[in-house]
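Raw run_1.pdb, PDB, C-alpha atoms, pLDDT in the B column:
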MODEL        1
ATOM      1  CA  GLY A   1       0.000   0.000   0.000  1.00 79.00           C
ATOM      2  CA  GLU A   2       0.877   3.670  -0.093  1.00 83.00           C
ATOM      3  CA  ASN A   3       3.421   5.007   2.353  1.00 92.00           C
ATOM      4  CA  VAL A   4       4.234   8.673   2.922  1.00 96.00           C
ATOM      5  CA  GLU A   5       7.432   9.748   4.640  1.00 97.00           C
ATOM      6  CA  GLN A   6       7.874  13.290   5.901  1.00 98.00           C
ATOM      7  CA  HIS A   7      11.034  15.132   6.942  1.00 98.00           C
ATOM      8  CA  PRO A   8      12.158  16.737   9.116  1.00 98.00           C
ATOM      9  CA  SER A   9      10.139  15.905  12.224  1.00 97.00           C
ATOM     10  CA  THR A  10      11.059  19.267  13.742  1.00 98.00           C
ATOM     11  CA  LEU A  11      12.187  22.424  11.968  1.00 98.00           C
ATOM     12  CA  SER A  12      13.287  25.596  13.679  1.00 98.00           C
ATOM     13  CA  VAL A  13      13.837  28.711  11.575  1.00 98.00           C
ATOM     14  CA  GLN A  14      14.439  32.374  12.263  1.00 98.00           C
ATOM     15  CA  GLU A  15      11.505  34.677  11.666  1.00 98.00           C
ATOM     16  CA  GLY A  16      11.677  36.004   8.133  1.00 97.00           C
ATOM     17  CA  ASP A  17      13.620  33.039   6.799  1.00 98.00           C
ATOM     18  CA  SER A  18      12.197  30.295   4.579  1.00 98.00           C
ATOM     19  CA  ALA A  19      11.092  26.837   5.668  1.00 98.00           C
ATOM     20  CA  VAL A  20      10.996  23.717   3.515  1.00 98.00           C
ATOM     21  CA  ILE A  21       9.296  20.439   4.431  1.00 98.00           C
ATOM     22  CA  LYS A  22       9.679  17.387   2.217  1.00 98.00           C
ATOM     23  CA  CYS A  23       7.570  14.287   1.669  1.00 98.00           C
ATOM     24  CA  THR A  24       8.053  11.177  -0.411  1.00 98.00           C
ATOM     25  CA  TYR A  25       5.397   8.699  -1.442  1.00 97.00           C
ATOM     26  CA  SER A  26       5.615   5.134  -2.638  1.00 95.00           C
ATOM     27  CA  ASP A  27       2.582   4.614  -4.906  1.00 93.00           C
ATOM     28  CA  SER A  28       3.090   6.121  -8.357  1.00 91.00           C
ATOM     29  CA  ALA A  29      -0.700   6.071  -8.857  1.00 91.00           C
ATOM     30  CA  SER A  30      -1.196   8.744  -6.174  1.00 93.00           C
ATOM     31  CA  ASN A  31      -2.477  11.880  -7.824  1.00 92.00           C
ATOM     32  CA  TYR A  32      -3.522  14.322  -5.108  1.00 93.00           C
ATOM     33  CA  PHE A  33      -1.218  15.856  -2.507  1.00 96.00           C
ATOM     34  CA  PRO A  34      -2.588  18.232   0.137  1.00 96.00           C
ATOM     35  CA  TRP A  35      -0.757  20.006   2.929  1.00 98.00           C
ATOM     36  CA  TYR A  36      -2.435  20.693   6.249  1.00 98.00           C
ATOM     37  CA  LYS A  37      -1.507  22.966   9.142  1.00 98.00           C
ATOM     38  CA  GLN A  38      -2.565  21.911  12.621  1.00 98.00           C
ATOM     39  CA  GLU A  39      -2.389  24.205  15.586  1.00 97.00           C
ATOM     40  CA  LEU A  40      -2.437  22.811  19.100  1.00 94.00           C
ATOM     41  CA  GLY A  41      -5.843  21.457  20.061  1.00 93.00           C
ATOM     42  CA  LYS A  42      -7.409  22.168  16.671  1.00 95.00           C
ATOM     43  CA  GLY A  43      -8.318  20.238  13.566  1.00 96.00           C
ATOM     44  CA  PRO A  44      -6.080  20.282  10.475  1.00 97.00           C
ATOM     45  CA  GLN A  45      -6.519  23.204   8.134  1.00 96.00           C
ATOM     46  CA  LEU A  46      -5.905  22.789   4.410  1.00 95.00           C
ATOM     47  CA  ILE A  47      -3.295  25.330   3.333  1.00 97.00           C
ATOM     48  CA  ILE A  48      -2.458  24.217  -0.186  1.00 97.00           C
ATOM     49  CA  ASP A  49      -2.818  21.191  -2.436  1.00 95.00           C
ATOM     50  CA  ILE A  50      -1.496  20.008  -5.751  1.00 95.00           C
ATOM     51  CA  ARG A  51      -2.607  17.473  -8.311  1.00 92.00           C
ATOM     52  CA  SER A  52      -0.362  15.239 -10.356  1.00 89.00           C
ATOM     53  CA  ASN A  53      -0.867  17.163 -13.576  1.00 88.00           C
ATOM     54  CA  VAL A  54       0.844  20.227 -12.083  1.00 87.00           C
ATOM     55  CA  GLY A  55       4.471  20.653 -11.035  1.00 92.00           C
ATOM     56  CA  GLU A  56       4.177  23.710  -8.829  1.00 96.00           C
ATOM     57  CA  LYS A  57       1.510  25.794  -7.142  1.00 95.00           C
ATOM     58  CA  LYS A  58       1.853  29.005  -5.203  1.00 97.00           C
ATOM     59  CA  ASP A  59      -0.412  30.948  -2.870  1.00 95.00           C
ATOM     60  CA  GLN A  60       1.175  34.098  -1.459  1.00 96.00           C
ATOM     61  CA  ARG A  61       3.971  32.939   0.913  1.00 97.00           C
ATOM     62  CA  ILE A  62       3.211  29.264   0.460  1.00 98.00           C
ATOM     63  CA  ALA A  63       4.216  27.053  -2.454  1.00 98.00           C
ATOM     64  CA  VAL A  64       4.193  23.350  -3.162  1.00 98.00           C
ATOM     65  CA  THR A  65       6.333  21.531  -5.719  1.00 97.00           C
ATOM     66  CA  LEU A  66       5.775  18.036  -7.054  1.00 97.00           C
ATOM     67  CA  ASN A  67       8.298  15.746  -8.720  1.00 96.00           C
ATOM     68  CA  LYS A  68       6.366  12.750 -10.018  1.00 94.00           C
ATOM     69  CA  THR A  69       9.435  10.975 -11.330  1.00 94.00           C
ATOM     70  CA  ALA A  70      11.136  11.052  -7.957  1.00 95.00           C
ATOM     71  CA  LYS A  71       7.817  10.702  -6.111  1.00 96.00           C
ATOM     72  CA  HIS A  72       8.364  13.557  -3.777  1.00 96.00           C
ATOM     73  CA  PHE A  73       6.665  16.841  -3.017  1.00 97.00           C
ATOM     74  CA  SER A  74       7.667  19.773  -0.860  1.00 98.00           C
ATOM     75  CA  LEU A  75       6.097  22.650   1.025  1.00 98.00           C
ATOM     76  CA  HIS A  76       7.870  25.990   0.896  1.00 98.00           C
ATOM     77  CA  ILE A  77       7.010  28.837   3.261  1.00 98.00           C
ATOM     78  CA  THR A  78       8.771  32.136   2.652  1.00 98.00           C
ATOM     79  CA  GLU A  79       9.118  35.141   4.980  1.00 98.00           C
ATOM     80  CA  THR A  80       8.068  33.056   7.961  1.00 98.00           C
ATOM     81  CA  GLN A  81       6.072  34.683  10.722  1.00 97.00           C
ATOM     82  CA  PRO A  82       5.381  33.635  14.338  1.00 96.00           C
ATOM     83  CA  GLU A  83       1.857  32.550  13.382  1.00 96.00           C
ATOM     84  CA  ASP A  84       3.345  29.977  11.026  1.00 98.00           C
ATOM     85  CA  SER A  85       4.408  27.960  14.077  1.00 98.00           C
ATOM     86  CA  ALA A  86       2.359  24.744  13.999  1.00 98.00           C
ATOM     87  CA  VAL A  87       2.518  21.109  12.965  1.00 98.00           C
ATOM     88  CA  TYR A  88       2.367  20.565   9.216  1.00 98.00           C
ATOM     89  CA  PHE A  89       1.187  17.326   7.632  1.00 98.00           C
ATOM     90  CA  CYS A  90       1.538  16.164   4.060  1.00 98.00           C
ATOM     91  CA  ALA A  91      -0.743  13.527   2.583  1.00 97.00           C
ATOM     92  CA  ALA A  92      -1.340  11.607  -0.618  1.00 95.00           C
ATOM     93  CA  SER A  93      -4.369   9.983  -2.148  1.00 91.00           C
ATOM     94  CA  LYS A  94      -5.504   8.283  -5.320  1.00 83.00           C
ATOM     95  CA  GLY A  95      -8.525   6.782  -6.918  1.00 70.00           C
ATOM     96  CA  SER A  96     -12.139   6.622  -5.958  1.00 67.00           C
ATOM     97  CA  ASN A  97     -11.980   6.116  -2.193  1.00 70.00           C
ATOM     98  CA  TYR A  98     -10.231   9.474  -1.632  1.00 78.00           C
ATOM     99  CA  GLN A  99      -8.583   8.221   1.531  1.00 87.00           C
ATOM    100  CA  LEU A 100      -5.589  10.255   2.617  1.00 92.00           C
ATOM    101  CA  ILE A 101      -2.324   8.584   3.561  1.00 93.00           C
ATOM    102  CA  TRP A 102      -0.597  10.880   6.024  1.00 96.00           C
ATOM    103  CA  GLY A 103       2.966  11.808   6.727  1.00 97.00           C
ATOM    104  CA  ALA A 104       4.135  11.802  10.347  1.00 97.00           C
ATOM    105  CA  GLY A 105       4.083  15.586  10.628  1.00 97.00           C
ATOM    106  CA  THR A 106       6.648  18.350  11.027  1.00 98.00           C
ATOM    107  CA  LYS A 107       6.674  20.688  13.982  1.00 98.00           C
ATOM    108  CA  LEU A 108       7.662  24.099  12.664  1.00 98.00           C
ATOM    109  CA  ILE A 109       9.056  26.548  15.191  1.00 98.00           C
ATOM    110  CA  ILE A 110       9.557  30.168  14.203  1.00 97.00           C
ATOM    111  CA  LYS A 111      12.138  31.871  16.390  1.00 95.00           C
ATOM    112  CA  PRO A 112      11.594  35.606  16.959  1.00 91.00           C
TER     113      PRO A 112
ATOM    114  CA  GLY B   1     -14.186  27.912   2.149  1.00 69.00           C
ATOM    115  CA  ALA B   2     -16.063  24.804   3.225  1.00 86.00           C
ATOM    116  CA  VAL B   3     -16.821  24.722   6.946  1.00 92.00           C
ATOM    117  CA  VAL B   4     -17.118  21.615   9.086  1.00 96.00           C
ATOM    118  CA  SER B   5     -18.236  21.763  12.696  1.00 96.00           C
ATOM    119  CA  GLN B   6     -18.033  19.238  15.504  1.00 98.00           C
ATOM    120  CA  HIS B   7     -19.924  19.001  18.726  1.00 97.00           C
ATOM    121  CA  PRO B   8     -19.004  18.791  21.498  1.00 97.00           C
ATOM    122  CA  SER B   9     -15.519  20.273  21.417  1.00 97.00           C
ATOM    123  CA  TRP B  10     -14.576  18.349  24.518  1.00 97.00           C
ATOM    124  CA  VAL B  11     -16.231  15.774  26.738  1.00 97.00           C
ATOM    125  CA  ILE B  12     -15.382  14.015  29.986  1.00 97.00           C
ATOM    126  CA  CYS B  13     -17.239  10.833  30.809  1.00 96.00           C
ATOM    127  CA  LYS B  14     -17.119   7.912  33.183  1.00 96.00           C
ATOM    128  CA  SER B  15     -15.845   4.535  32.086  1.00 97.00           C
ATOM    129  CA  GLY B  16     -18.635   2.376  30.695  1.00 97.00           C
ATOM    130  CA  THR B  17     -20.778   5.198  29.358  1.00 97.00           C
ATOM    131  CA  SER B  18     -21.395   6.065  25.712  1.00 97.00           C
ATOM    132  CA  VAL B  19     -20.499   9.314  24.035  1.00 97.00           C
ATOM    133  CA  LYS B  20     -21.876  10.721  20.791  1.00 97.00           C
ATOM    134  CA  ILE B  21     -19.912  13.159  18.620  1.00 98.00           C
ATOM    135  CA  GLU B  22     -21.583  15.090  15.812  1.00 97.00           C
ATOM    136  CA  CYS B  23     -19.935  16.237  12.618  1.00 96.00           C
ATOM    137  CA  ARG B  24     -21.732  18.714  10.383  1.00 95.00           C
ATOM    138  CA  SER B  25     -20.926  20.271   7.039  1.00 93.00           C
ATOM    139  CA  LEU B  26     -22.301  23.790   7.382  1.00 93.00           C
ATOM    140  CA  ASP B  27     -22.259  25.218   3.888  1.00 89.00           C
ATOM    141  CA  PHE B  28     -22.088  22.201   1.610  1.00 88.00           C
ATOM    142  CA  GLN B  29     -23.425  18.707   1.202  1.00 89.00           C
ATOM    143  CA  ALA B  30     -20.932  15.989   2.030  1.00 88.00           C
ATOM    144  CA  THR B  31     -21.448  12.638   0.362  1.00 83.00           C
ATOM    145  CA  THR B  32     -18.470  11.238   2.236  1.00 90.00           C
ATOM    146  CA  MET B  33     -17.240  11.948   5.732  1.00 93.00           C
ATOM    147  CA  PHE B  34     -14.205  10.484   7.455  1.00 95.00           C
ATOM    148  CA  TRP B  35     -13.532   9.878  11.127  1.00 97.00           C
ATOM    149  CA  TYR B  36     -10.020  10.035  12.541  1.00 97.00           C
ATOM    150  CA  ARG B  37      -8.447   9.749  15.939  1.00 97.00           C
ATOM    151  CA  GLN B  38      -5.198  11.371  16.919  1.00 96.00           C
ATOM    152  CA  PHE B  39      -2.990  10.654  19.903  1.00 94.00           C
ATOM    153  CA  PRO B  40      -0.628  13.339  21.249  1.00 92.00           C
ATOM    154  CA  LYS B  41       2.291  14.169  18.957  1.00 90.00           C
ATOM    155  CA  GLN B  42       1.123  11.653  16.366  1.00 93.00           C
ATOM    156  CA  SER B  43      -0.367  11.791  12.916  1.00 94.00           C
ATOM    157  CA  LEU B  44      -4.035  11.243  12.126  1.00 95.00           C
ATOM    158  CA  MET B  45      -5.286   7.674  12.059  1.00 95.00           C
ATOM    159  CA  LEU B  46      -8.274   6.950   9.840  1.00 94.00           C
ATOM    160  CA  MET B  47     -10.967   5.039  11.689  1.00 96.00           C
ATOM    161  CA  ALA B  48     -13.733   4.808   9.114  1.00 95.00           C
ATOM    162  CA  THR B  49     -15.188   6.210   5.921  1.00 92.00           C
ATOM    163  CA  SER B  50     -18.831   7.159   6.055  1.00 90.00           C
ATOM    164  CA  ASN B  51     -21.033   7.518   2.990  1.00 86.00           C
ATOM    165  CA  GLU B  52     -24.480   9.050   3.273  1.00 83.00           C
ATOM    166  CA  GLY B  53     -27.193   6.432   3.386  1.00 81.00           C
ATOM    167  CA  SER B  54     -24.910   3.406   3.607  1.00 84.00           C
ATOM    168  CA  LYS B  55     -22.897   1.555   6.204  1.00 88.00           C
ATOM    169  CA  ALA B  56     -19.526   2.921   7.171  1.00 92.00           C
ATOM    170  CA  THR B  57     -16.352   1.214   6.063  1.00 93.00           C
ATOM    171  CA  TYR B  58     -14.033   0.623   9.005  1.00 95.00           C
ATOM    172  CA  GLU B  59     -10.269   0.402   8.911  1.00 94.00           C
ATOM    173  CA  GLN B  60      -8.536  -2.723  10.052  1.00 93.00           C
ATOM    174  CA  GLY B  61      -8.348  -2.926  13.811  1.00 94.00           C
ATOM    175  CA  VAL B  62     -11.242  -0.528  14.451  1.00 95.00           C
ATOM    176  CA  GLU B  63     -14.177  -2.231  16.172  1.00 94.00           C
ATOM    177  CA  LYS B  64     -17.385  -1.328  14.377  1.00 93.00           C
ATOM    178  CA  ASP B  65     -19.529  -2.327  17.358  1.00 95.00           C
ATOM    179  CA  LYS B  66     -17.581  -0.012  19.628  1.00 96.00           C
ATOM    180  CA  PHE B  67     -17.390   2.964  17.307  1.00 97.00           C
ATOM    181  CA  LEU B  68     -20.846   3.330  15.800  1.00 96.00           C
ATOM    182  CA  ILE B  69     -21.078   5.645  12.816  1.00 94.00           C
ATOM    183  CA  ASN B  70     -24.288   7.009  11.372  1.00 91.00           C
ATOM    184  CA  HIS B  71     -24.356   9.194   8.272  1.00 88.00           C
ATOM    185  CA  ALA B  72     -28.071   9.856   8.046  1.00 82.00           C
ATOM    186  CA  SER B  73     -27.982  12.995   5.932  1.00 89.00           C
ATOM    187  CA  LEU B  74     -25.698  14.840   3.550  1.00 89.00           C
ATOM    188  CA  THR B  75     -24.718  17.277   6.275  1.00 92.00           C
ATOM    189  CA  LEU B  76     -24.488  15.143   9.408  1.00 93.00           C
ATOM    190  CA  SER B  77     -22.458  12.171  10.545  1.00 94.00           C
ATOM    191  CA  THR B  78     -22.251  10.930  14.113  1.00 95.00           C
ATOM    192  CA  LEU B  79     -19.676   8.820  15.914  1.00 97.00           C
ATOM    193  CA  THR B  80     -20.768   7.051  19.084  1.00 97.00           C
ATOM    194  CA  VAL B  81     -18.107   5.600  21.330  1.00 97.00           C
ATOM    195  CA  THR B  82     -19.921   2.847  23.192  1.00 97.00           C
ATOM    196  CA  SER B  83     -18.905   1.599  26.636  1.00 96.00           C
ATOM    197  CA  ALA B  84     -15.996   3.986  26.677  1.00 97.00           C
ATOM    198  CA  HIS B  85     -12.807   3.078  28.535  1.00 96.00           C
ATOM    199  CA  PRO B  86      -9.783   5.187  29.469  1.00 96.00           C
ATOM    200  CA  GLU B  87      -7.850   3.873  26.464  1.00 95.00           C
ATOM    201  CA  ASP B  88     -10.494   5.479  24.222  1.00 96.00           C
ATOM    202  CA  SER B  89      -9.386   8.890  25.444  1.00 97.00           C
ATOM    203  CA  SER B  90      -8.156  10.708  22.373  1.00 97.00           C
ATOM    204  CA  PHE B  91      -8.734  13.574  19.952  1.00 97.00           C
ATOM    205  CA  TYR B  92     -11.439  12.640  17.453  1.00 98.00           C
ATOM    206  CA  ILE B  93     -11.621  14.577  14.193  1.00 98.00           C
ATOM    207  CA  CYS B  94     -14.025  14.351  11.299  1.00 97.00           C
ATOM    208  CA  SER B  95     -13.578  15.531   7.745  1.00 96.00           C
ATOM    209  CA  ALA B  96     -15.872  15.887   4.770  1.00 93.00           C
ATOM    210  CA  ARG B  97     -15.444  15.814   1.032  1.00 88.00           C
ATOM    211  CA  VAL B  98     -17.075  18.645  -0.805  1.00 76.00           C
ATOM    212  CA  GLY B  99     -18.656  16.552  -3.548  1.00 69.00           C
ATOM    213  CA  ALA B 100     -18.438  13.848  -6.164  1.00 68.00           C
ATOM    214  CA  GLY B 101     -15.079  13.740  -7.897  1.00 71.00           C
ATOM    215  CA  GLU B 102     -13.590  16.216  -5.428  1.00 77.00           C
ATOM    216  CA  GLU B 103     -10.640  14.928  -3.426  1.00 82.00           C
ATOM    217  CA  THR B 104     -10.340  17.802  -0.983  1.00 89.00           C
ATOM    218  CA  GLN B 105     -11.168  17.034   2.633  1.00 91.00           C
ATOM    219  CA  TYR B 106     -12.117  19.782   5.046  1.00 93.00           C
ATOM    220  CA  PHE B 107     -11.704  19.059   8.717  1.00 96.00           C
ATOM    221  CA  GLY B 108     -13.720  19.828  11.788  1.00 97.00           C
ATOM    222  CA  PRO B 109     -12.129  21.390  14.885  1.00 97.00           C
ATOM    223  CA  GLY B 110     -11.951  18.055  16.702  1.00 97.00           C
ATOM    224  CA  THR B 111     -13.437  16.640  19.891  1.00 98.00           C
ATOM    225  CA  ARG B 112     -11.287  15.920  22.909  1.00 97.00           C
ATOM    226  CA  LEU B 113     -12.579  12.850  24.774  1.00 97.00           C
ATOM    227  CA  LEU B 114     -11.389  12.020  28.266  1.00 97.00           C
ATOM    228  CA  VAL B 115     -12.680   8.820  29.837  1.00 97.00           C
ATOM    229  CA  LEU B 116     -12.205   8.570  33.585  1.00 96.00           C
TER     230      LEU B 116
ENDMDL
END

Just give me the structure of the file as structure tokens.
Amino acid sequence: GENVEQHPSTLSVQEGDSAVIKCTYSDSASNYFPWYKQELGKGPQLIIDIRSNVGEKKDQRIAVTLNKTAKHFSLHITETQPEDSAVYFCAASKGSNYQLIWGAGTKLIIKP
Amino acid sequence: GAVVSQHPSWVICKSGTSVKIECRSLDFQATTMFWYRQFPKQSLMLMATSNEGSKATYEQGVEKDKFLINHASLTLSTLTVTSAHPEDSSFYICSARVGAGEETQYFGPGTRLLVL
């Protein structure tokens, strides 16, 4: 079955710097890759997603890149701010059941 | 964006009692809802997939008689934890798909369950 690996488990960056979180997936049939942000005690919030027919997508300070050949996708956050501190999860899905296979999560810490 | 609510946001109950958690899609009709549980500092674990009007599909290792799921309408799914025990204490989160052919899942705020 599908397996999603996410790195790093913890990332600490200076405010204003960029943060990059990487995920790899095992099933080449996966075609949808969302990223979620989860703050403490809250449900995950979709921040950006990408489908397999696109290589890159950007929304203001957030971007996601997808390399289908290498089966990896990355989240890029530029000009980080304190409110970006949270746990970020990547996921992958395919086919008709739409089930998400989740990465283990990355705790992002923005240092003031 | 699509909004999903959950009620209650937290609940404390005695061991042996049953607890019902509601998940509602507020501004869209959800043909499919998902129920997850999450332990501290861990990723989300899918418990079951719920389709409106049909029986839920449970993941391996999830007891269907203990975690009863009802998806009676396109905007409401309920999860009932029956005969709850302390090991059922967890963060329960639902999500909903916007519509047919749409992969995106929108999540509720979660329900914190503590069984004493």

Inset, instruction - Report as a count of residues only the residues that result from applying the ChimeraX specification (/B :<7) & /A to the structure here. - result: 9

Inset, instruction - Evaluate the PyMOL selection byres ((chain B and resi 55-59) around 10) and record the selected residues as a list of chain:residue names, following the chain and residue labels used in the document. - result: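 So the PyMOL selection byres ((chain B and resi 55-59) around 10) ends up selecting B:Thr32, B:Met33, B:Phe34, B:Trp35, B:Met45, B:Leu46, B:Met47, B:Ala48, B:Thr49, B:Ser50, B:Asn51, B:Glu52, B:Gly53, B:Ser54, B:Gln60, B:Gly61, B:Val62, B:Glu63, B:Lys64, B:Phe67, B:Leu68, B:Ile69, B:Asn70, B:His71, B:Ala72.
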
Legend entry - Residue with smallest distance to Pro112 in chain A - pool A:Pro82, A:Gly55, A:Gly95, A:Pro34, counting only C-alpha atoms: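 That would be A:Pro82, the residue with the smallest distance to Pro112 in chain A.
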
Legend entry - Contact residues around Phe28 in chain B with all atoms listed in the file at 8 Å, ignoring same-chain residues under 6 positions, as a VMD selection string: chain B and resid 2 to 3 75 98

Inset, instruction - Go through the shown structure with the PyMOL selection byres ((chain A and resi 19) around 12) and write out the matching residues as an MDAnalysis selection string. - result: chainID A and resid 7:8 10:18 20:22 61:64 74:81 84:85 88 106:111

Inset, instruction - Rank B:Lys14, B:Phe39, B:Leu113, B:Leu74 by their smallest atom-to-atom distance to Leu26 in chain B, using only C-alpha atoms, and report the top residue only. - result: B:Leu74

Legend entry - Nearby residues (all atoms listed in the file) at most 8 Å from Ser18 in chain B, same-chain spacing under 6 positions excluded, as a PyMOL selection string: chain B and resi 80-84

Legend entry - Separation of CA of Glu87 in chain B from CA of Thr17 in chain B in Å: 13.3 Å

Legend entry - Selection: 6 Å around Leu100 in chain A, only C-alpha atoms, excl. self and same-chain fewer than 4 positions, as a VMD selection string: chain A and resid 91 to 93

Legend entry - Distance criterion (all atoms listed in the file): nearest to Leu116 in chain B out of B:Ser89, B:Ser73, B:Gln29, B:Thr78: B:Ser89

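For the pair CA of Gly103 in chain A and CA of Gly41 in chain A, the interatomic distance is 18.7 Å.
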
Inset, instruction - Would you mind reading off the distance between CA of Phe89 in chain A and CA of Ala30 in chain B, one decimal, in Å? - result: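 According to the coordinates, CA of Phe89 in chain A and CA of Ala30 in chain B are separated by 22.9 Å.
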
Inset, instruction - Identify, on the basis of all atoms listed in the file, every residue whose closest approach to His7 in chain B does not exceed 8 Å; exclude the query and any residue fewer than 4 positions from it along the same chain; express the result as number ranges by chain. - result: B: 21-23, 111

Legend entry - Contacts of Ser30 in chain A at 12 Å (all atoms listed in the file; same-chain gap of 6+ positions) as a PyMOL selection string: (chain A and resi 1-4+24+50-53+66+68+71-73+91-101) or (chain B and resi 103)

Same residues, C-alpha atoms, saved as a PDB file, keeping the file's coordinate frame:
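Result written to selection_7.pdb:
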ATOM      1  CA  GLY A   1       0.000   0.000   0.000  1.00 79.00           C
ATOM      2  CA  GLU A   2       0.877   3.670  -0.093  1.00 83.00           C
ATOM      3  CA  ASN A   3       3.421   5.007   2.353  1.00 92.00           C
ATOM      4  CA  VAL A   4       4.234   8.673   2.922  1.00 96.00           C
ATOM      5  CA  THR A  24       8.053  11.177  -0.411  1.00 98.00           C
ATOM      6  CA  ILE A  50      -1.496  20.008  -5.751  1.00 95.00           C
ATOM      7  CA  ARG A  51      -2.607  17.473  -8.311  1.00 92.00           C
ATOM      8  CA  SER A  52      -0.362  15.239 -10.356  1.00 89.00           C
ATOM      9  CA  ASN A  53      -0.867  17.163 -13.576  1.00 88.00           C
ATOM     10  CA  LEU A  66       5.775  18.036  -7.054  1.00 97.00           C
ATOM     11  CA  LYS A  68       6.366  12.750 -10.018  1.00 94.00           C
ATOM     12  CA  LYS A  71       7.817  10.702  -6.111  1.00 96.00           C
ATOM     13  CA  HIS A  72       8.364  13.557  -3.777  1.00 96.00           C
ATOM     14  CA  PHE A  73       6.665  16.841  -3.017  1.00 97.00           C
ATOM     15  CA  ALA A  91      -0.743  13.527   2.583  1.00 97.00           C
ATOM     16  CA  ALA A  92      -1.340  11.607  -0.618  1.00 95.00           C
ATOM     17  CA  SER A  93      -4.369   9.983  -2.148  1.00 91.00           C
ATOM     18  CA  LYS A  94      -5.504   8.283  -5.320  1.00 83.00           C
ATOM     19  CA  GLY A  95      -8.525   6.782  -6.918  1.00 70.00           C
ATOM     20  CA  SER A  96     -12.139   6.622  -5.958  1.00 67.00           C
ATOM     21  CA  ASN A  97     -11.980   6.116  -2.193  1.00 70.00           C
ATOM     22  CA  TYR A  98     -10.231   9.474  -1.632  1.00 78.00           C
ATOM     23  CA  GLN A  99      -8.583   8.221   1.531  1.00 87.00           C
ATOM     24  CA  LEU A 100      -5.589  10.255   2.617  1.00 92.00           C
ATOM     25  CA  ILE A 101      -2.324   8.584   3.561  1.00 93.00           C
TER      26      ILE A 101
ATOM     27  CA  GLU B 103     -10.640  14.928  -3.426  1.00 82.00           C
TER      28      GLU B 103
END

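Among the candidates B:Ser5, B:Ser90, B:Trp10, B:Val115, the residue lying nearest to Ser25 in chain B is B:Ser5 (atoms considered: only C-alpha atoms).
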
Calculate, to one decimal in Å, the centre and edge lengths of the box along x, y and z of the file that holds all listed atoms of range 51-67 of chain A with 3 Å of margin on each side, and present them as lines of an AutoDock Vina configuration file.
center_x = 2.8
center_y = 24.7
center_z = -6.3
size_x = 16.9
size_y = 24.9
size_z = 20.5
